[in-house]
$ cat structure_18.tsv   # TSV, C-alpha atoms and all ligand atoms
chain	number	residue	atom	x	y	z
A	1226	MET	CA	19.98	13.55	-30.96
A	1227	ALA	CA	18.69	10.01	-30.54
A	1228	THR	CA	17.90	8.70	-27.10
A	1229	THR	CA	16.91	5.32	-25.79
A	1230	PRO	CA	13.92	4.89	-23.46
A	1231	ASP	CA	16.04	3.80	-20.47
A	1232	ARG	CA	18.69	6.47	-20.96
A	1233	PRO	CA	17.72	10.14	-20.86
A	1234	GLY	CA	19.05	12.59	-23.43
A	1235	CYS	CA	22.20	14.55	-22.70
A	1236	HIS	CA	20.41	17.76	-21.75
A	1237	ALA	CA	18.09	16.07	-19.24
A	1238	LEU	CA	20.99	14.14	-17.78
A	1239	ASP	CA	23.17	17.24	-17.51
A	1240	ALA	CA	20.41	19.24	-15.80
A	1241	SER	CA	19.82	16.47	-13.27
A	1242	LEU	CA	23.54	15.97	-12.76
A	1243	ILE	CA	24.14	19.69	-12.26
A	1244	GLU	CA	21.43	19.83	-9.59
A	1245	ARG	CA	23.02	16.89	-7.79
A	1246	LEU	CA	26.49	18.42	-8.06
A	1247	HIS	CA	25.17	21.63	-6.51
A	1248	ALA	CA	23.72	19.62	-3.61
A	1249	VAL	CA	27.05	17.84	-3.04
A	1250	GLN	CA	28.98	21.09	-3.16
A	1251	GLN	CA	26.57	22.72	-0.70
A	1252	ARG	CA	27.14	19.85	1.74
A	1253	HIS	CA	30.93	19.74	1.48
A	1254	GLY	CA	32.02	23.11	0.08
A	1255	TYR	CA	33.49	21.27	-2.91
A	1256	LEU	CA	33.04	18.02	-4.85
A	1257	PRO	CA	34.91	15.18	-3.13
A	1258	ARG	CA	35.98	12.43	-5.53
A	1259	ALA	CA	34.24	9.73	-3.48
A	1260	GLU	CA	30.94	11.62	-3.81
A	1261	LEU	CA	31.44	11.95	-7.57
A	1262	GLN	CA	32.05	8.20	-7.81
A	1263	GLN	CA	28.87	7.49	-5.82
A	1264	LEU	CA	26.94	9.89	-8.04
A	1265	ALA	CA	28.21	8.14	-11.17
A	1266	VAL	CA	27.09	4.78	-9.81
A	1267	ALA	CA	23.70	6.15	-8.72
A	1268	MET	CA	23.12	7.71	-12.14
A	1269	GLN	CA	24.48	4.66	-13.99
A	1270	ARG	CA	26.97	6.82	-15.85
A	1271	PRO	CA	30.73	6.54	-16.26
A	1272	LEU	CA	32.73	8.65	-13.82
A	1273	SER	CA	34.19	10.46	-16.84
A	1274	ASP	CA	30.72	11.89	-17.64
A	1275	VAL	CA	30.33	13.21	-14.11
A	1276	MET	CA	33.88	14.59	-14.05
A	1277	GLY	CA	33.33	16.17	-17.45
A	1278	VAL	CA	30.36	18.20	-16.23
A	1279	ALA	CA	31.94	18.98	-12.85
A	1280	SER	CA	35.15	20.27	-14.42
A	1281	PHE	CA	33.41	22.18	-17.22
A	1282	TYR	CA	31.57	24.63	-14.96
A	1283	HIS	CA	33.79	27.18	-13.25
A	1284	LEU	CA	31.67	27.38	-10.12
A	1285	PHE	CA	32.20	23.76	-9.16
A	1286	ARG	CA	35.23	23.13	-6.98
A	1287	LEU	CA	37.12	19.85	-7.23
A	1288	VAL	CA	39.40	20.68	-4.31
A	1289	PRO	CA	38.52	21.96	-0.84
A	1290	PRO	CA	38.21	25.74	-0.65
A	1291	PRO	CA	40.99	27.67	1.12
A	1292	LEU	CA	40.38	28.90	4.65
A	1293	HIS	CA	40.09	32.46	3.37
A	1294	ARG	CA	38.65	33.57	0.08
A	1295	CYS	CA	40.92	36.13	-1.57
A	1296	VAL	CA	39.87	37.96	-4.72
A	1297	VAL	CA	42.21	40.26	-6.65
A	1298	CYS	CA	40.51	42.85	-8.80
A	1299	ARG	CA	41.83	42.99	-12.34
A	1300	GLY	CA	39.67	45.90	-13.44
A	1301	THR	CA	41.24	48.82	-15.28
A	1302	ALA	CA	41.88	51.03	-12.24
A	1303	CYS	CA	43.38	48.15	-10.28
A	1304	PHE	CA	45.46	47.00	-13.23
A	1305	VAL	CA	46.91	50.49	-13.69
A	1306	ARG	CA	47.67	50.80	-9.96
A	1307	GLY	CA	49.43	47.46	-9.50
A	1308	ALA	CA	47.10	44.45	-9.53
A	1309	GLU	CA	49.83	42.40	-11.22
A	1310	ARG	CA	52.31	43.19	-8.41
A	1311	LEU	CA	49.63	42.26	-5.91
A	1312	GLU	CA	49.08	38.91	-7.64
A	1313	ALA	CA	52.83	38.27	-7.76
A	1314	GLY	CA	53.04	38.94	-4.02
A	1315	LEU	CA	50.23	36.50	-3.33
A	1316	ARG	CA	51.86	33.82	-5.50
A	1317	ARG	CA	55.19	34.26	-3.68
A	1318	ARG	CA	53.37	33.63	-0.40
A	1319	GLY	CA	51.51	30.63	-1.80
A	1320	VAL	CA	48.12	32.24	-1.23
A	1321	ALA	CA	45.31	30.92	-3.43
A	1322	PHE	CA	43.22	33.65	-4.98
A	1323	GLU	CA	40.54	34.31	-7.55
A	1324	THR	CA	40.20	37.29	-9.83
A	1325	ALA	CA	37.36	39.67	-10.61
A	1326	SER	CA	36.79	42.35	-13.23
A	1327	CYS	CA	35.79	45.26	-10.98
A	1328	VAL	CA	34.45	45.08	-7.45
A	1329	GLY	CA	33.24	48.69	-7.39
A	1330	ALA	CA	35.95	50.15	-5.16
A	1331	CYS	CA	38.14	51.69	-7.85
A	1332	GLY	CA	39.17	54.59	-5.58
A	1333	GLN	CA	41.05	52.09	-3.37
A	1334	ALA	CA	42.90	50.41	-6.26
A	1335	PRO	CA	44.58	48.00	-6.31
A	1336	VAL	CA	41.86	46.16	-4.44
A	1337	LEU	CA	42.05	42.84	-2.65
A	1338	VAL	CA	38.88	41.33	-1.18
A	1339	ILE	CA	39.39	38.97	1.74
A	1340	ASP	CA	36.40	36.98	2.96
A	1341	GLY	CA	34.08	39.60	1.48
A	1342	THR	CA	35.85	42.62	2.97
A	1343	VAL	CA	37.36	45.09	0.52
A	1344	GLY	CA	40.87	46.18	1.38
A	1345	TYR	CA	43.94	47.70	-0.11
A	1346	GLY	CA	46.36	45.60	-2.09
A	1347	ASP	CA	48.83	44.72	0.64
A	1348	PRO	CA	49.77	41.02	0.55
A	1349	GLY	CA	51.69	41.47	3.79
A	1350	ALA	CA	48.40	41.99	5.60
A	1351	LEU	CA	46.95	38.66	4.47
A	1352	PRO	CA	45.90	35.98	6.92
A	1353	GLU	CA	47.81	32.69	6.78
A	1354	GLN	CA	46.12	30.00	4.68
B	1	LIG	S1	38.85	48.33	-11.11
B	1	LIG	FE1	39.26	47.37	-9.24
B	1	LIG	S2	37.64	48.00	-7.99
B	1	LIG	FE2	37.18	48.84	-9.92
$ encode --input "structure_18.tsv" --output "structure tokens"
Amino acid sequence: MATTPDRPGCHALDASLIERLHAVQQRHGYLPRAELQQLAVAMQRPLSDVMGVASFYHLFRLVPPPLHRCVVCRGTACFVRGAERLEAGLRRRGVAFETASCVGACGQAPVLVIDGTVGYGDPGALPEQ
């Protein structure tokens, strides 16, 4: 890939941008749009470049995180014992959640992890968001 002397190659730019995005996310817990705009100006890049990298990587958040982090296990044991019902219950309540493959507590399936604590799959016991 050709580069110009005053404009770094894509890989160098992406690595630098990723480091800066990590720093922003550490400060705010997510990537506020105003910060992304400032970053684009500082790096002399279009906002679309910054947004492209920020939205490509799953670990970057473009919206503020919920008050509680809920993770539904979708591993085999949890799937067989009702992970889909658990997810449906969470959706009905409007609770944001992430999914995981197996959290190592298959004996308690279906498993829901709330703020790092493993629990049984009972959406009724969830904290309000
Ligand atoms: S499959 Fe859910 S904890 Fe292992």
$ residues_near_ligand --input "structure_18.tsv" --ligand "ligand LIG 1 (chain B)" --cutoff "8 Å" --atoms "all atoms listed in the file" --output "VMD selection string"
chain A and resid 1298 to 1304 1326 to 1336
$ residues_around --input "structure_18.tsv" --residues "Ala1321 of chain A" --least-positions-apart "5" --cutoff "10 Å" --atoms "all atoms listed in the file" --output "number ranges by chain"
A: 1290-1296, 1312, 1315-1316, 1354
$ residues_around --input "structure_18.tsv" --residues "Gly1277 of chain A" --least-positions-apart "5" --cutoff "12 Å" --atoms "only C-alpha atoms" --output "PyMOL selection string"
chain A and resi 1239+1242-1243+1246+1261+1265+1270-1272+1282-1283+1285+1287
$ closest_residue --input "structure_18.tsv" --among "A:Ala1259, A:Val1343, A:Val1297, A:Val1266" --to "Thr1324 of chain A" --atoms "all atoms listed in the file"
A:Val1297
$ atom_distance --input "structure_18.tsv" --atom1 "atom CA of Gly1341 of chain A" --atom2 "atom CA of Arg1245 of chain A"
26.9 Å
$ closest_residue --input "structure_18.tsv" --among "A:Glu1309, A:Asp1340, A:Val1320, A:Pro1289" --to "Arg1252 of chain A" --atoms "all atoms listed in the file"
A:Pro1289
$ axis_aligned_box --input "structure_18.tsv" --around "segment 1236-1254 of chain A" --padding-each-side "6 Å" --output "lines of an AutoDock Vina configuration file"
center_x = 25.1
center_y = 18.6
center_z = -10.0
size_x = 25.9
size_y = 21.0
size_z = 35.5
$ residues_around --input "structure_18.tsv" --residues "His1247 of chain A" --least-positions-apart "6" --cutoff "10 Å" --atoms "all atoms listed in the file" --output "list in words"
Gly1254, Tyr1255, Leu1256, Ala1279, Leu1284 and Phe1285 of chain A
$ atom_distance --input "structure_18.tsv" --atom1 "atom CA of His1253 of chain A" --atom2 "atom CA of Val1338 of chain A"
23.2 Å
$ atom_distance --input "structure_18.tsv" --atom1 "atom CA of Ser1273 of chain A" --atom2 "atom CA of Ala1248 of chain A"
19.2 Å
$ build_atoms --input "structure_18.tsv" --residues "segment 1249-1265 of chain A" --atoms "N, CA, C and O atoms" --output "mmCIF file, in the frame of the given file"
data_model
loop_
_atom_site.group_PDB
_atom_site.id
_atom_site.type_symbol
_atom_site.label_atom_id
_atom_site.label_comp_id
_atom_site.auth_asym_id
_atom_site.auth_seq_id
_atom_site.Cartn_x
_atom_site.Cartn_y
_atom_site.Cartn_z
ATOM 1 N N VAL A 1249 25.808 18.373 -3.644
ATOM 2 C CA VAL A 1249 27.050 17.840 -3.040
ATOM 3 C C VAL A 1249 27.948 18.986 -2.618
ATOM 4 O O VAL A 1249 28.499 18.995 -1.504
ATOM 5 N N GLN A 1250 28.083 19.975 -3.480
ATOM 6 C CA GLN A 1250 28.980 21.090 -3.160
ATOM 7 C C GLN A 1250 28.457 21.898 -1.974
ATOM 8 O O GLN A 1250 29.233 22.401 -1.166
ATOM 9 N N GLN A 1251 27.132 22.003 -1.852
ATOM 10 C CA GLN A 1251 26.570 22.720 -0.700
ATOM 11 C C GLN A 1251 26.888 21.971 0.597
ATOM 12 O O GLN A 1251 27.157 22.584 1.624
ATOM 13 N N ARG A 1252 26.854 20.653 0.536
ATOM 14 C CA ARG A 1252 27.140 19.850 1.740
ATOM 15 C C ARG A 1252 28.603 19.917 2.145
ATOM 16 O O ARG A 1252 28.919 19.984 3.325
ATOM 17 N N HIS A 1253 29.507 19.878 1.183
ATOM 18 C CA HIS A 1253 30.930 19.740 1.480
ATOM 19 C C HIS A 1253 31.767 20.998 1.209
ATOM 20 O O HIS A 1253 32.915 21.061 1.621
ATOM 21 N N GLY A 1254 31.234 21.934 0.464
ATOM 22 C CA GLY A 1254 32.020 23.110 0.080
ATOM 23 C C GLY A 1254 32.812 22.869 -1.196
ATOM 24 O O GLY A 1254 33.431 23.776 -1.731
ATOM 25 N N TYR A 1255 32.850 21.648 -1.656
ATOM 26 C CA TYR A 1255 33.490 21.270 -2.910
ATOM 27 C C TYR A 1255 32.957 19.895 -3.298
ATOM 28 O O TYR A 1255 32.055 19.367 -2.632
ATOM 29 N N LEU A 1256 33.524 19.317 -4.365
ATOM 30 C CA LEU A 1256 33.040 18.020 -4.850
ATOM 31 C C LEU A 1256 34.076 16.937 -4.564
ATOM 32 O O LEU A 1256 34.990 16.724 -5.372
ATOM 33 N N PRO A 1257 33.960 16.258 -3.428
ATOM 34 C CA PRO A 1257 34.910 15.180 -3.130
ATOM 35 C C PRO A 1257 34.807 14.057 -4.161
ATOM 36 O O PRO A 1257 33.712 13.728 -4.620
ATOM 37 N N ARG A 1258 35.944 13.485 -4.494
ATOM 38 C CA ARG A 1258 35.980 12.430 -5.530
ATOM 39 C C ARG A 1258 35.079 11.251 -5.156
ATOM 40 O O ARG A 1258 34.395 10.694 -6.022
ATOM 41 N N ALA A 1259 35.070 10.861 -3.901
ATOM 42 C CA ALA A 1259 34.240 9.730 -3.480
ATOM 43 C C ALA A 1259 32.760 10.017 -3.761
ATOM 44 O O ALA A 1259 32.008 9.119 -4.173
ATOM 45 N N GLU A 1260 32.343 11.249 -3.541
ATOM 46 C CA GLU A 1260 30.940 11.620 -3.810
ATOM 47 C C GLU A 1260 30.654 11.573 -5.313
ATOM 48 O O GLU A 1260 29.572 11.172 -5.725
ATOM 49 N N LEU A 1261 31.634 11.996 -6.120
ATOM 50 C CA LEU A 1261 31.440 11.950 -7.570
ATOM 51 C C LEU A 1261 31.334 10.501 -8.051
ATOM 52 O O LEU A 1261 30.533 10.191 -8.936
ATOM 53 N N GLN A 1262 32.121 9.625 -7.452
ATOM 54 C CA GLN A 1262 32.050 8.200 -7.810
ATOM 55 C C GLN A 1262 30.682 7.621 -7.436
ATOM 56 O O GLN A 1262 30.077 6.886 -8.213
ATOM 57 N N GLN A 1263 30.185 7.969 -6.246
ATOM 58 C CA GLN A 1263 28.870 7.490 -5.820
ATOM 59 C C GLN A 1263 27.773 8.024 -6.744
ATOM 60 O O GLN A 1263 26.825 7.317 -7.082
ATOM 61 N N LEU A 1264 27.917 9.266 -7.136
ATOM 62 C CA LEU A 1264 26.940 9.890 -8.040
ATOM 63 C C LEU A 1264 26.931 9.175 -9.389
ATOM 64 O O LEU A 1264 25.865 8.912 -9.962
ATOM 65 N N ALA A 1265 28.112 8.850 -9.888
ATOM 66 C CA ALA A 1265 28.210 8.140 -11.170
ATOM 67 C C ALA A 1265 27.511 6.782 -11.081
ATOM 68 O O ALA A 1265 26.755 6.404 -11.983
#
